[in-house]
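See structure below.
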Amino acid sequence: MTRICVAGGTGQVGREVVRRAVDAGHSVAVLSRNQPAAGTAANISGAEYFRADVTTGEGVAAALAGADVVIDCLEGRSGTARKNFADGGARLLAAARDGGTARAVMLSIVNCGRSKAAFYRSKAAKEHVYELSGLETVVVRATQFHSLLAMMFGAGSRVRIIPVVRGARFQPVSPADAAAVLLETALEPGPVPAAGPRHRVLNLGGPESKDMADFAREWQRATGVKGQLVRLPLPGATGRYLREGLNLVPEARHGNETFRGWLENSADSL
């Protein structure tokens, strides 16, 4: 049995990592700023929850105590959280090193280092922290999640349009597939010290790459929501990232769950 600390274990990917690890019989500690109430979807029976904050370091050592590996699913989408994202990663890794944790696995985004968008740059900066940490580290870079597309389509549908970014293709992956790869990577045998790298990067993409409009039509069929598909330009760094296809990794390992399959499995929450 392995002791696994999941940082950000209450988010959409983190809680799936926790569920899979508990089901596999591992000892799981969850590091989160807010402990989920018992009986909620974010609280997985069998896991131990710790209130901790990587931006200050409070509670981090306690959450990591005895952990063989830490899986970092933390997010920093805006404001102070994004500004402190890389520093938070450094605090997490320092506590892991001090506590004797041997390996750290981080969830990131494909080609984040090739975008000038602030959110992507924060991911790239944190990846750099992992590379220089001195621990055995693995970064799992995933394409965008199915839920991002569903959120975009749902937001537009409130004004009777289904927004499609002009010139953009997507290769979305399910949070469950990302969680499976994170856990598998965390548990795989470590490299022989003299033979293997201490830092690795893996890419993970979804099983299909299509024009955003094709995914929009699938979402409409699954939800029954009416609205006109409207192709819109997306300016700035994020638009450039999408138009250049930097969100696609056709050569990478692929997840199994298609967008349509995810919609069917998520029908109750759409």
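By convention in this document, the chains of the structure tokens carry letters A, B, ... by their order, each chain's residues are numbered from 1, and ligands are numbered from 1 in the order they are shown.
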
Write out as a CSV table (one decimal) with all heavy atoms, in the first residue's frame each polymer residue whose atoms come within 12 Å of A:Ala178, counting only C-alpha atoms; drop sequence neighbours fewer than 4 positions from it.
chain,number,residue,atom,x,y,z
A,12,GLN,N,-12.0,18.8,-10.0
A,12,GLN,CA,-12.6,17.8,-10.9
A,12,GLN,C,-11.6,16.6,-11.2
A,12,GLN,O,-12.1,15.5,-11.3
A,12,GLN,CB,-13.2,18.4,-12.2
A,12,GLN,CG,-12.1,19.0,-13.1
A,12,GLN,CD,-12.7,19.4,-14.5
A,12,GLN,OE1,-13.7,18.9,-14.9
A,12,GLN,NE2,-12.1,20.4,-15.2
A,13,VAL,N,-10.4,16.9,-11.4
A,13,VAL,CA,-9.4,15.9,-11.6
A,13,VAL,C,-8.9,15.3,-10.3
A,13,VAL,O,-8.8,14.1,-10.1
A,13,VAL,CB,-8.2,16.4,-12.4
A,13,VAL,CG1,-7.2,15.3,-12.6
A,13,VAL,CG2,-8.7,16.9,-13.8
A,14,GLY,N,-8.6,16.2,-9.3
A,14,GLY,CA,-8.1,15.7,-8.1
A,14,GLY,C,-9.0,14.7,-7.4
A,14,GLY,O,-8.6,13.7,-6.8
A,15,ARG,N,-10.3,15.0,-7.3
A,15,ARG,CA,-11.2,14.0,-6.6
A,15,ARG,C,-11.3,12.7,-7.4
A,15,ARG,O,-11.5,11.7,-6.7
A,15,ARG,CB,-12.6,14.6,-6.4
A,15,ARG,CG,-13.4,15.0,-7.6
A,15,ARG,CD,-14.8,15.4,-7.1
A,15,ARG,NE,-15.6,15.9,-8.2
A,15,ARG,CZ,-15.8,17.2,-8.5
A,15,ARG,NH1,-15.2,18.1,-7.8
A,15,ARG,NH2,-16.6,17.5,-9.5
A,16,GLU,N,-11.1,12.7,-8.7
A,16,GLU,CA,-11.1,11.5,-9.4
A,16,GLU,C,-9.8,10.7,-9.1
A,16,GLU,O,-9.9,9.4,-9.0
A,16,GLU,CB,-11.2,11.7,-10.9
A,16,GLU,CG,-11.3,10.5,-11.8
A,16,GLU,CD,-12.5,9.6,-11.6
A,16,GLU,OE1,-13.5,10.2,-11.0
A,16,GLU,OE2,-12.5,8.4,-11.9
A,17,VAL,N,-8.7,11.4,-8.9
A,17,VAL,CA,-7.5,10.7,-8.5
A,17,VAL,C,-7.7,10.1,-7.1
A,17,VAL,O,-7.3,8.9,-6.9
A,17,VAL,CB,-6.3,11.7,-8.4
A,17,VAL,CG1,-5.1,11.0,-7.8
A,17,VAL,CG2,-5.9,12.2,-9.8
A,20,ARG,N,-10.0,6.9,-7.3
A,20,ARG,CA,-9.3,5.8,-7.9
A,20,ARG,C,-8.2,5.2,-7.0
A,20,ARG,O,-8.1,4.0,-6.8
A,20,ARG,CB,-8.6,6.2,-9.2
A,20,ARG,CG,-9.6,6.4,-10.4
A,20,ARG,CD,-9.0,7.0,-11.6
A,20,ARG,NE,-9.9,7.1,-12.7
A,20,ARG,CZ,-10.1,6.2,-13.7
A,20,ARG,NH1,-9.3,5.2,-13.7
A,20,ARG,NH2,-11.0,6.4,-14.6
A,71,ILE,N,0.7,14.0,-5.7
A,71,ILE,CA,0.1,14.3,-7.0
A,71,ILE,C,-0.5,15.7,-6.9
A,71,ILE,O,-1.4,15.9,-6.1
A,71,ILE,CB,-1.0,13.3,-7.4
A,71,ILE,CG1,-0.4,11.9,-7.4
A,71,ILE,CG2,-1.6,13.6,-8.7
A,71,ILE,CD1,-1.4,10.8,-7.7
A,73,CYS,N,-2.7,18.5,-8.3
A,73,CYS,CA,-3.8,18.9,-9.2
A,73,CYS,C,-4.2,20.3,-8.9
A,73,CYS,O,-5.4,20.7,-9.3
A,73,CYS,CB,-4.9,17.9,-9.0
A,73,CYS,SG,-4.5,16.2,-9.4
A,106,MET,N,2.9,16.4,-11.3
A,106,MET,CA,2.1,17.6,-11.5
A,106,MET,C,1.2,17.5,-12.8
A,106,MET,O,1.7,17.1,-13.8
A,106,MET,CB,3.1,18.8,-11.6
A,106,MET,CG,2.4,20.1,-12.0
A,106,MET,SD,3.6,21.4,-12.5
A,106,MET,CE,2.6,22.6,-13.3
A,107,LEU,N,0.0,18.0,-12.6
A,107,LEU,CA,-0.9,18.2,-13.8
A,107,LEU,C,-0.7,19.5,-14.4
A,107,LEU,O,-0.7,20.6,-13.7
A,107,LEU,CB,-2.4,18.0,-13.3
A,107,LEU,CG,-3.4,18.3,-14.4
A,107,LEU,CD1,-3.3,17.2,-15.5
A,107,LEU,CD2,-4.8,18.3,-13.8
A,108,SER,N,-0.5,19.6,-15.7
A,108,SER,CA,-0.2,20.8,-16.4
A,108,SER,C,-1.0,20.8,-17.8
A,108,SER,O,-1.9,20.0,-17.9
A,108,SER,CB,1.3,21.0,-16.7
A,108,SER,OG,1.5,22.3,-17.1
A,109,ILE,N,-0.6,21.7,-18.7
A,109,ILE,CA,-1.3,21.9,-19.9
A,109,ILE,C,-0.4,21.8,-21.1
A,109,ILE,O,0.8,22.3,-21.0
A,109,ILE,CB,-2.0,23.3,-20.0
A,109,ILE,CG1,-3.0,23.4,-18.8
A,109,ILE,CG2,-2.8,23.5,-21.3
A,109,ILE,CD1,-3.6,24.8,-18.7
A,139,VAL,N,5.8,15.8,-15.0
A,139,VAL,CA,4.8,16.7,-15.4
A,139,VAL,C,3.9,16.0,-16.4
A,139,VAL,O,4.4,15.5,-17.4
A,139,VAL,CB,5.3,18.0,-15.9
A,139,VAL,CG1,4.2,18.8,-16.5
A,139,VAL,CG2,6.0,18.8,-14.8
A,140,VAL,N,2.6,15.9,-16.1
A,140,VAL,CA,1.7,15.3,-17.1
A,140,VAL,C,0.9,16.5,-17.7
A,140,VAL,O,0.1,17.1,-17.0
A,140,VAL,CB,0.7,14.3,-16.4
A,140,VAL,CG1,-0.3,13.8,-17.4
A,140,VAL,CG2,1.4,13.1,-15.8
A,141,ARG,N,1.2,16.7,-19.0
A,141,ARG,CA,0.5,17.8,-19.7
A,141,ARG,C,-0.7,17.3,-20.4
A,141,ARG,O,-0.5,16.4,-21.3
A,141,ARG,CB,1.5,18.5,-20.7
A,141,ARG,CG,2.7,19.2,-20.1
A,141,ARG,CD,3.6,19.7,-21.2
A,141,ARG,NE,4.7,20.5,-20.6
A,141,ARG,CZ,5.8,20.8,-21.3
A,141,ARG,NH1,5.9,20.4,-22.6
A,141,ARG,NH2,6.8,21.5,-20.8
A,142,ALA,N,-1.8,17.8,-20.1
A,142,ALA,CA,-3.1,17.4,-20.7
A,142,ALA,C,-3.6,18.4,-21.7
A,142,ALA,O,-3.4,19.6,-21.5
A,142,ALA,CB,-4.1,17.0,-19.7
A,143,THR,N,-4.4,18.0,-22.7
A,143,THR,CA,-5.1,18.9,-23.5
A,143,THR,C,-6.3,19.4,-22.6
A,143,THR,O,-6.5,19.0,-21.5
A,143,THR,CB,-5.6,18.2,-24.8
A,143,THR,OG1,-6.4,17.0,-24.4
A,143,THR,CG2,-4.5,17.9,-25.7
A,144,GLN,N,-7.1,20.3,-23.2
A,144,GLN,CA,-8.3,20.9,-22.5
A,144,GLN,C,-9.3,19.8,-22.2
A,144,GLN,O,-9.4,18.8,-22.9
A,144,GLN,CB,-8.9,22.0,-23.3
A,144,GLN,CG,-8.1,23.3,-23.4
A,144,GLN,CD,-6.8,23.1,-24.1
A,144,GLN,OE1,-6.7,22.4,-25.1
A,144,GLN,NE2,-5.8,23.8,-23.7
A,145,PHE,N,-10.0,20.0,-21.1
A,145,PHE,CA,-11.0,19.0,-20.6
A,145,PHE,C,-12.3,19.2,-21.3
A,145,PHE,O,-12.7,20.3,-21.8
A,145,PHE,CB,-11.2,19.1,-19.1
A,145,PHE,CG,-10.0,18.7,-18.3
A,145,PHE,CD1,-9.5,19.6,-17.3
A,145,PHE,CD2,-9.3,17.5,-18.5
A,145,PHE,CE1,-8.3,19.3,-16.6
A,145,PHE,CE2,-8.2,17.2,-17.8
A,145,PHE,CZ,-7.7,18.1,-16.8
A,146,HIS,N,-13.0,18.1,-21.4
A,146,HIS,CA,-14.4,18.1,-22.0
A,146,HIS,C,-15.2,19.2,-21.4
A,146,HIS,O,-16.0,19.9,-22.0
A,146,HIS,CB,-15.0,16.8,-21.9
A,146,HIS,CG,-14.4,15.6,-22.6
A,146,HIS,ND1,-14.0,15.8,-23.9
A,146,HIS,CD2,-14.1,14.3,-22.2
A,146,HIS,CE1,-13.5,14.6,-24.3
A,146,HIS,NE2,-13.6,13.7,-23.3
A,172,PRO,N,-10.1,17.3,-26.8
A,172,PRO,CA,-10.4,17.3,-25.4
A,172,PRO,C,-10.3,15.9,-24.8
A,172,PRO,O,-10.5,14.9,-25.4
A,172,PRO,CB,-11.9,17.8,-25.3
A,172,PRO,CG,-12.5,17.4,-26.6
A,172,PRO,CD,-11.4,17.6,-27.6
A,173,VAL,N,-9.9,16.0,-23.5
A,173,VAL,CA,-9.7,14.7,-22.7
A,173,VAL,C,-10.6,14.8,-21.5
A,173,VAL,O,-10.9,15.8,-21.0
A,173,VAL,CB,-8.2,14.6,-22.3
A,173,VAL,CG1,-7.8,15.6,-21.3
A,173,VAL,CG2,-7.9,13.2,-21.8
A,174,SER,N,-11.0,13.6,-21.0
A,174,SER,CA,-11.8,13.6,-19.8
A,174,SER,C,-11.0,13.7,-18.5
A,174,SER,O,-9.9,13.2,-18.5
A,174,SER,CB,-12.7,12.3,-19.8
A,174,SER,OG,-11.9,11.2,-19.4
A,182,LEU,N,-2.3,10.2,-14.2
A,182,LEU,CA,-1.6,10.8,-13.0
A,182,LEU,C,-1.3,9.7,-12.0
A,182,LEU,O,-0.2,9.6,-11.4
A,182,LEU,CB,-2.4,11.9,-12.4
A,182,LEU,CG,-2.5,13.2,-13.2
A,182,LEU,CD1,-3.6,14.1,-12.6
A,182,LEU,CD2,-1.1,14.0,-13.1
A,183,LEU,N,-2.3,8.9,-11.7
A,183,LEU,CA,-2.1,7.9,-10.6
A,183,LEU,C,-1.2,6.8,-11.1
A,183,LEU,O,-0.3,6.3,-10.4
A,183,LEU,CB,-3.5,7.3,-10.3
A,183,LEU,CG,-3.5,6.2,-9.1
A,183,LEU,CD1,-2.9,6.8,-7.9
A,183,LEU,CD2,-4.9,5.7,-8.9
A,184,GLU,N,-1.3,6.4,-12.3
A,184,GLU,CA,-0.4,5.4,-12.9
A,184,GLU,C,1.0,5.9,-12.9
A,184,GLU,O,2.0,5.1,-12.5
A,184,GLU,CB,-0.8,5.1,-14.4
A,184,GLU,CG,0.1,4.1,-15.1
A,184,GLU,CD,-0.3,4.0,-16.6
A,184,GLU,OE1,-1.5,3.8,-16.9
A,184,GLU,OE2,0.6,4.2,-17.4
A,185,THR,N,1.2,7.1,-13.2
A,185,THR,CA,2.6,7.7,-13.2
A,185,THR,C,3.1,7.8,-11.8
A,185,THR,O,4.3,7.6,-11.6
A,185,THR,CB,2.5,9.1,-13.9
A,185,THR,OG1,2.0,9.0,-15.2
A,185,THR,CG2,3.9,9.7,-13.9
A,202,LEU,N,5.3,14.2,-19.8
A,202,LEU,CA,4.4,13.3,-20.6
A,202,LEU,C,3.3,14.2,-21.1
A,202,LEU,O,2.7,15.0,-20.4
A,202,LEU,CB,3.8,12.2,-19.7
A,202,LEU,CG,4.8,11.3,-18.9
A,202,LEU,CD1,4.0,10.3,-18.1
A,202,LEU,CD2,5.8,10.6,-19.9
A,203,ASN,N,2.9,13.9,-22.3
A,203,ASN,CA,1.7,14.5,-22.9
A,203,ASN,C,0.5,13.6,-23.0
A,203,ASN,O,0.7,12.4,-23.3
A,203,ASN,CB,2.0,15.0,-24.3
A,203,ASN,CG,2.9,16.3,-24.4
A,203,ASN,OD1,2.7,17.1,-23.5
A,203,ASN,ND2,3.7,16.4,-25.3
A,204,LEU,N,-0.7,14.1,-22.8
A,204,LEU,CA,-1.9,13.3,-22.8
A,204,LEU,C,-2.9,14.1,-23.6
A,204,LEU,O,-3.2,15.3,-23.3
A,204,LEU,CB,-2.4,13.0,-21.4
A,204,LEU,CG,-3.8,12.3,-21.3
A,204,LEU,CD1,-3.7,10.9,-21.9
A,204,LEU,CD2,-4.3,12.3,-19.9
A,205,GLY,N,-3.5,13.5,-24.6
A,205,GLY,CA,-4.6,14.1,-25.4
A,205,GLY,C,-5.8,13.3,-25.4
A,205,GLY,O,-5.8,12.1,-25.0
A,206,GLY,N,-6.9,13.9,-25.9
A,206,GLY,CA,-8.1,13.1,-26.0
A,206,GLY,C,-8.1,12.2,-27.2
A,206,GLY,O,-7.2,12.3,-28.0
A,253,ARG,N,0.1,10.0,-26.1
A,253,ARG,CA,-0.9,9.1,-25.6
A,253,ARG,C,-2.2,9.6,-25.5
A,253,ARG,O,-2.4,10.8,-25.2
A,253,ARG,CB,-0.4,8.7,-24.2
A,253,ARG,CG,-1.3,7.7,-23.5
A,253,ARG,CD,-0.7,7.3,-22.1
A,253,ARG,NE,-1.7,6.4,-21.4
A,253,ARG,CZ,-1.4,5.8,-20.3
A,253,ARG,NH1,-0.2,6.0,-19.7
A,253,ARG,NH2,-2.3,5.1,-19.6
A,254,HIS,N,-3.2,8.8,-25.8
A,254,HIS,CA,-4.6,9.3,-25.9
A,254,HIS,C,-5.5,8.7,-24.7
A,254,HIS,O,-5.3,7.6,-24.4
A,254,HIS,CB,-5.3,9.0,-27.2
A,254,HIS,CG,-4.7,9.7,-28.4
A,254,HIS,ND1,-4.9,9.4,-29.7
A,254,HIS,CD2,-3.8,10.8,-28.4
A,254,HIS,CE1,-4.2,10.2,-30.5
A,254,HIS,NE2,-3.6,11.0,-29.7
A,255,GLY,N,-6.4,9.5,-24.2
A,255,GLY,CA,-7.4,9.0,-23.3
A,255,GLY,C,-8.4,8.2,-24.1
A,255,GLY,O,-8.4,8.1,-25.3
A,256,ASN,N,-9.4,7.6,-23.4
A,256,ASN,CA,-10.4,6.7,-24.0
A,256,ASN,C,-11.7,7.3,-24.2
A,256,ASN,O,-12.5,7.0,-25.1
A,256,ASN,CB,-10.5,5.4,-23.2
A,256,ASN,CG,-9.2,4.7,-23.1
A,256,ASN,OD1,-8.5,4.5,-24.1
A,256,ASN,ND2,-8.8,4.2,-21.9
A,257,GLU,N,-12.1,8.3,-23.3
A,257,GLU,CA,-13.5,8.8,-23.3
A,257,GLU,C,-13.7,9.9,-24.2
A,257,GLU,O,-13.0,11.0,-24.1
A,257,GLU,CB,-13.9,9.2,-21.9
A,257,GLU,CG,-15.3,9.5,-21.7
A,257,GLU,CD,-15.7,9.8,-20.3
A,257,GLU,OE1,-14.9,10.3,-19.5
A,257,GLU,OE2,-16.9,9.4,-19.9

Practice item. For A:Glu127, work out the shell of residues within 12 Å, counting only C-alpha atoms and skipping chain neighbours fewer than 6 positions away, then give it as a ChimeraX atom specification. Key: /A:72,85-90,93,104-113,120-121,133,137-141,199-202

Review point. Using only C-alpha atoms, which residue out of A:Thr223, A:Ser45, A:Thr55, A:Gln35 lies closest to A:Ala21?
Key: A:Ser45

**Study point:** Residue list (alpha helix (DSSP H), DSSP) for stretch 27-246 of chain A, as a PyMOL selection string
**Key:** chain A and resi 60-64+79-83+85-99+118-131+146-157+175-187+212-223+236-243

Exercise for review: Tell me, in Å to one decimal, how far atom CA of A:Arg103 is from atom CA of A:Val69.
Suggested key: 4.8 Å

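Here the residues within stretch 75-118 of chain A that DSSP labels strand (DSSP E) on the basis of the backbone are Arg103, Ala104, Val105, Met106, Leu107, Ser108 and Ile109 of chain A.
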
Selected residues written out with N, CA and C atoms, as a compact mmCIF listing (two decimals), in the first residue's frame:
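Okay, this is what ended up in part.txt:
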# COMPACT_ATOMS: atom_id res chain seq x y z
N ARG A 103 8.66 11.28 -4.69
CA ARG A 103 8.24 11.62 -6.06
C ARG A 103 7.10 12.63 -6.03
N ALA A 104 7.08 13.50 -7.04
CA ALA A 104 5.99 14.46 -7.20
C ALA A 104 5.54 14.45 -8.65
N VAL A 105 4.22 14.41 -8.84
CA VAL A 105 3.64 14.39 -10.18
C VAL A 105 2.70 15.58 -10.29
N MET A 106 2.86 16.36 -11.34
CA MET A 106 2.10 17.60 -11.52
C MET A 106 1.23 17.54 -12.76
N LEU A 107 -0.01 18.01 -12.65
CA LEU A 107 -0.89 18.16 -13.79
C LEU A 107 -0.68 19.54 -14.42
N SER A 108 -0.45 19.56 -15.74
CA SER A 108 -0.23 20.81 -16.44
C SER A 108 -1.00 20.80 -17.76
N ILE A 109 -0.63 21.70 -18.66
CA ILE A 109 -1.35 21.88 -19.93
C ILE A 109 -0.36 21.75 -21.08

Study note, to complete from the structure: Judged by only C-alpha atoms, the minimum distance to A:Ala37 among A:Gln220, A:Asp98, A:Ser115, A:Thr10 is found for A:Thr10

Review point. Which is closer to A:Leu229 than all the others in A:Ala252, A:Ala267, A:Val6, A:Ile162, using only C-alpha atoms?
Key: A:Ile162

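Residue nearest A:Arg51, chosen from A:Ala65, A:Leu187, A:Leu31, A:Val225 and counting only C-alpha atoms: A:Leu31.
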
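Nearest residue to A:Thr238 among A:Leu64, A:Ala96, A:Ala168, A:Ala81 is A:Ala168, counting only C-alpha atoms.
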
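Of the residues under consideration (A:Asn247, A:Thr80, A:Thr101, A:Ser32), A:Thr101 shows the shortest atom-to-atom contact distance to A:Thr2 when counting only C-alpha atoms.
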
List the spatial neighbours of A:Thr56 as a PDB file with C-alpha atoms, in the first residue's frame - criterion: any atom at most 9 Å away, only C-alpha atoms, same-chain residues fewer than 3 positions off excluded.
ATOM      1  CA  ALA A  52      -3.707  23.363   4.045  1.00  0.00           C
ATOM      2  CA  ASP A  53      -2.650  26.312   1.917  1.00  0.00           C
ATOM      3  CA  GLY A  59      -0.812  22.747   7.115  1.00  0.00           C
ATOM      4  CA  VAL A  60       1.238  21.460   4.165  1.00  0.00           C
ATOM      5  CA  GLY A  88       3.002  27.536  -4.071  1.00  0.00           C
ATOM      6  CA  ARG A  91       6.490  25.364  -1.016  1.00  0.00           C
TER       7      ARG A  91
END
